[in-house]
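Each remark here refers to the structure printed beneath this line.
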Amino acid sequence: MSRRSSRASVSDGEFFTDCKAAYVEVVKDVRKDITSKSLLLQALQESGRNPSERVLKKYWNSSTDGISFDDFVDICRKEHVTSDDEMMKAFRKIDTNGDGYLSLDELFKIMTSKGEKMTRQEVREIIDEVDENGDGKLDYKERKFYYEQFCNMNRATADQLRQRNRKRLERVEKGDRRSKKVESFSDSKRGDVASMGSQISVKSNSSQRTGMSGSRRSLLSIDDMPRPSPRSNKKGVKHVPASKLGHLTEEPKNKRDWTKTTSKGCFFIDEDDGLMTHTYRLNLNERSKVWITVQPSIPQSMIIGDTTPIDTMLLVTKKKPDSEGRSVVGFTEKRDGKGKYGVMCELKAGSYNLLPFTTGCHLKARRSDSSKETPLVRKDRDGKTSITKAFRKALEEIFELSDLDGNGTLSRDEFTWFTLRTSGDKVTDDEWAVVEDTVELENNEITKKGFVKLNEMEADDVDDDISDLWVTLNSMGYNKDLFIDEACPYKLDVYTESCDDAEVALTCTGIETINNDMIIETVMEQDEGVKIKGSVYMYTYANDTRSTVVLSNRSNNSVNVTMDCTSSKNCQISQDNEEYTVTLDPHEKQIAHHLMPLDETLDWTPRCVEAVTK
């Protein structure tokens with residue numbers, strides 16, 4: 001079967017019209033840019049495409065401000081409408097018995113697990129298309145869904161969408177032409193009445209400007225109003241160099257006799273969700289003292305630039321009785337001179353969540369990645385594609401980062417966390433079956449060799465477009481030089497005094513955005529707060545290596561708070577600048593900033609001056 005694409009099925013003129021119709025359907029005007037990833041997704045869907053999260057990341061990343069209509073057309077040329085061959089290839093993967101048909105159950109599974117998810121009602125409507133007798137059940141002739149039928153329906157749906165958008169575009173363009181005729185007529189007459197109506201026109205325009213800008217002026221007047229004199233909330237406390245901190249004093253001397261459970265994890269910088277991390281569940285069958293440590297584990301060979309240890313802290317939370325919320329039962333306050341944080345808790349038998357967090361003082365989004373891309377693939381004389389040594393090394397490093405239990409292989413769950421991070425999708429039963437058929441497993445887990453092979457197969461499928469490979473690398477924190485600068489691996493150790501191996505379990509529960517609400521809770525529990533002005537309060541928490549400021553707006557109005565930390569000495573701030581403004585919605589609590597030592601061999605003094613503008 002020949003490959004069908006948007007370029008093969010329509011002429012260049014029709015292709016351009018389809019792109020324009022889809023773009024106008026979402027953005028309304030080709031002179032305006034697409035301003036978000038969600039709008040890009042909508043526009044591509046309107047053009048008959050259904051891009052995955054990985055495809056979207058190829059064209060919208062942290063440095064993307066907007067996508068013009070010309071850019072959109074180029075994207076549509078690269079990301080063609082799904083072809084019959086591709087549909088056949090995808091469906092064969094879930095055709096479990098290989099009979100060339102898709103059963104009702106198989107159809108439902110693929111429609112609700114991949115790509116842009118369909119609702120149960122939408123799937124039912126598709127099913128109703130082949131339920132010829134309308135009894136809600138499929139008889140022998142109905143119970144199988146031919147690939148060809150589905151492909152035909154897919155093409156018909158895409159064609160209907162294009163036709164609808166074309167008609168809407170025609171109506172819009174006809175309206176624009178009528179408007180231009182009216183404007184042209186008005187321009188020709190305007191000169192005849194200009195002198196006669198100049199005074200009236202001036203008065204009218206002046207009145208319109210005043211009326212139109214009235215609300216804007218009321219908003220701008222906030223900034224025009226005299227600001228209260230800023231005051232210093234803290235004179236600043238000098239802290240000793242973090243590198244001179246000794247051992248963690250709470251660390252049990254006999255911890256070798258305690259039961260130890262270990263897991264790896266990683267912090268990631270996500271272009272949409274900010275700082276993210278692996279999260280964990282700790283189950284205890286007995287009441288016990290628990291000593292928990294967390295520390296960065298990134299090898300020096302994988303680091304460029306700043307070698308200051310990235311802060312790797314942790315919260316211990318438990319579900320509140322008779323409530324859906326959670327409360328903090330402990331968090332890491334102390335750190336040793338090498339970057340290891342620890343917390344001692346007395347925990348009852350039960351289930352707890354361990355939530356690692358980092359402040360963003362040292363782990364920051366890269367400003368730019370202007371270096372030349374490291375080659376990832378190469379072709380031999382016969383045209384066969386293979387991966388480069390540098391790419392293979394990066395894949396092996398990613399395997400080590402993803403091997404959370406450190407046993408040298410990836411379980412299905414560990415592989416799922418990897419695919420969630422890099423593509424946004426979980427590993428389905430059918431996809432795992434493909435893995436089992438493709439690579440050799442060890443105790444039903446993927447070996448390093450098998451993991452590299454899976455990625456080699458992906459590289460072999462990309463032809464000359466390696467953007468998907470870079471999406472994987474970027475998602476795991478790698479830059480164009482194949483160094484990690486937007487991720488930080490860490491090691492989590494849990495020691496229990498009264499539980500044996502069978503009575504304690506530490507499992508990864510996912511990759512989530514860092515829980516700022518829980519951090520805010522710890523700060524507000526440690527400080528009574530200071531009223532800045534009106535109903536705005538500031539809370540400050542400080543220890544040997546961190547100073548955190550939380551702002552709370554107790555009023556029914558939004559307020560702006562300007563923070564000035566420029567008088568701090570030897571400090572690194574989590575914000576982009578040391579002077580910045582925070583907008584607080586009514587009754588909102590927000591972390592204003594974290595401050596940490598910039599050079600750990602020197603004293604450091606955090607200071608902050610604030611001013612409130614309503």
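Convention: chains lettered A, B, ... in structure tokens order; per-chain residue numbering from 1; ligands numbered from 1 as shown.
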Subject >> Spatial neighbours of range 593-597 of chain A, max dist 6 Å, only C-alpha atoms, sep filter under 4 positions, as a list in words >> reply: Thr545, Arg546, Ser547, Thr548, Val549, Asn570, Cys571, Gln572, Ile573, Ser574 and Trp604 of chain A
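The environment of Ser498 in chain A within 12 Å, counting only C-alpha atoms and disregarding residues fewer than 2 places along the same chain, consists of Lys255, Asp257, Trp258, Thr259, Lys260, Leu284, Asn285, Glu286, Arg287, Ser288, Lys289, Val290, Trp291, Glu346, Leu347, Lys348, Ala349, Tyr495, Thr496, Asp500, Asp501, Ala502, Glu503 and Val504 of chain A.
For the choices A:Trp470, A:Tyr280, A:Tyr478, A:Tyr541, the atom-to-atom distance to Asp493 in chain A is smallest for A:Tyr280 when using only C-alpha atoms.
When only C-alpha atoms are used to measure the gap to Thr261 in chain A, the shortest distance among A:Ser351, A:Thr507, A:Ser36, A:Gln42 belongs to A:Thr507.
With distances restricted to only C-alpha atoms, A:Asp544 is the closest residue to Gly246 in chain A from A:Asp544, A:Asp585, A:Asp599, A:Asp564.
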Subject >> Residue nearest Gln590 in chain A among A:Glu373, A:Gly383, A:Asn515, A:Pro489 (counting only C-alpha atoms) >> reply: A:Asn515
**OP:** Go through range 361-602 of chain A and collect every residue that DSSP, computed from the backbone, puts in strand (DSSP E); the answer should be as a PyMOL selection string.
**Re:** chain A and resi 377-379+385-387+409-410+441-442+445-447+487-496+504-513+530-533+536-542+547-553+559-564+571-573+579-584+589-597
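The closest residue to Leu441 in chain A, picked from A:Gly408, A:Leu355, A:His278, A:Thr419 and counting only C-alpha atoms, is A:Gly408.
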Original post:
In Å, with one decimal, what is the gap from CA of Glu25 in chain A to CA of Lys58 in chain A?
Top reply: 22.6 Å
Show which residues sit within 10 Å of Ser423 in chain A, as a PDB file with C-alpha atoms, in the first residue's frame. Count only C-alpha atoms, and ignore same-chain residues fewer than 5 positions away.
```pdb
ATOM      1  CA  SER A  52       1.642  13.308  20.565  1.00  0.00           C
ATOM      2  CA  GLU A  53       3.228  15.175  23.461  1.00  0.00           C
ATOM      3  CA  ARG A  54       6.633  14.296  22.029  1.00  0.00           C
ATOM      4  CA  VAL A  55       5.782  15.878  18.674  1.00  0.00           C
ATOM      5  CA  LEU A  56       4.546  19.051  20.382  1.00  0.00           C
ATOM      6  CA  LYS A  57       7.793  19.336  22.339  1.00  0.00           C
ATOM      7  CA  GLY A 115      -2.409  10.294  21.997  1.00  0.00           C
ATOM      8  CA  PHE A 418      10.895   7.009  31.767  1.00  0.00           C
ATOM      9  CA  ASP A 468      12.265  13.011  18.428  1.00  0.00           C
ATOM     10  CA  VAL A 471      12.985  15.451  22.734  1.00  0.00           C
ATOM     11  CA  THR A 472      13.990  12.373  24.742  1.00  0.00           C
ATOM     12  CA  SER A 475      13.248  15.740  28.669  1.00  0.00           C
TER      13      SER A 475
END
```
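Between CA of Arg412 in chain A and CA of Ser467 in chain A the separation is 25.6 Å.
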Original post:
Given the choices A:Ser297, A:Thr249, A:Thr17, A:Asn254, which gets closest to Asn165 in chain A if the distance is worked out from only C-alpha atoms?
Top reply: A:Thr17
Please report, as CSV, each residue of range 352-430 of chain A lying at most 12 Å from range 322-335 of chain A, together with the nearest pair of atoms and the separation in Å rounded to one decimal; use only C-alpha atoms, and order rows by chain and ascending residue number.
```
residue,atom,partner,partner_atom,distance
A:Tyr352,CA,A:Val329,CA,9.2
A:Asn353,CA,A:Arg326,CA,9.1
A:Leu354,CA,A:Phe331,CA,9.4
A:Leu355,CA,A:Phe331,CA,9.3
A:Pro356,CA,A:Phe331,CA,9.5
A:Phe357,CA,A:Thr332,CA,10.1
A:Thr358,CA,A:Thr332,CA,11.4
```
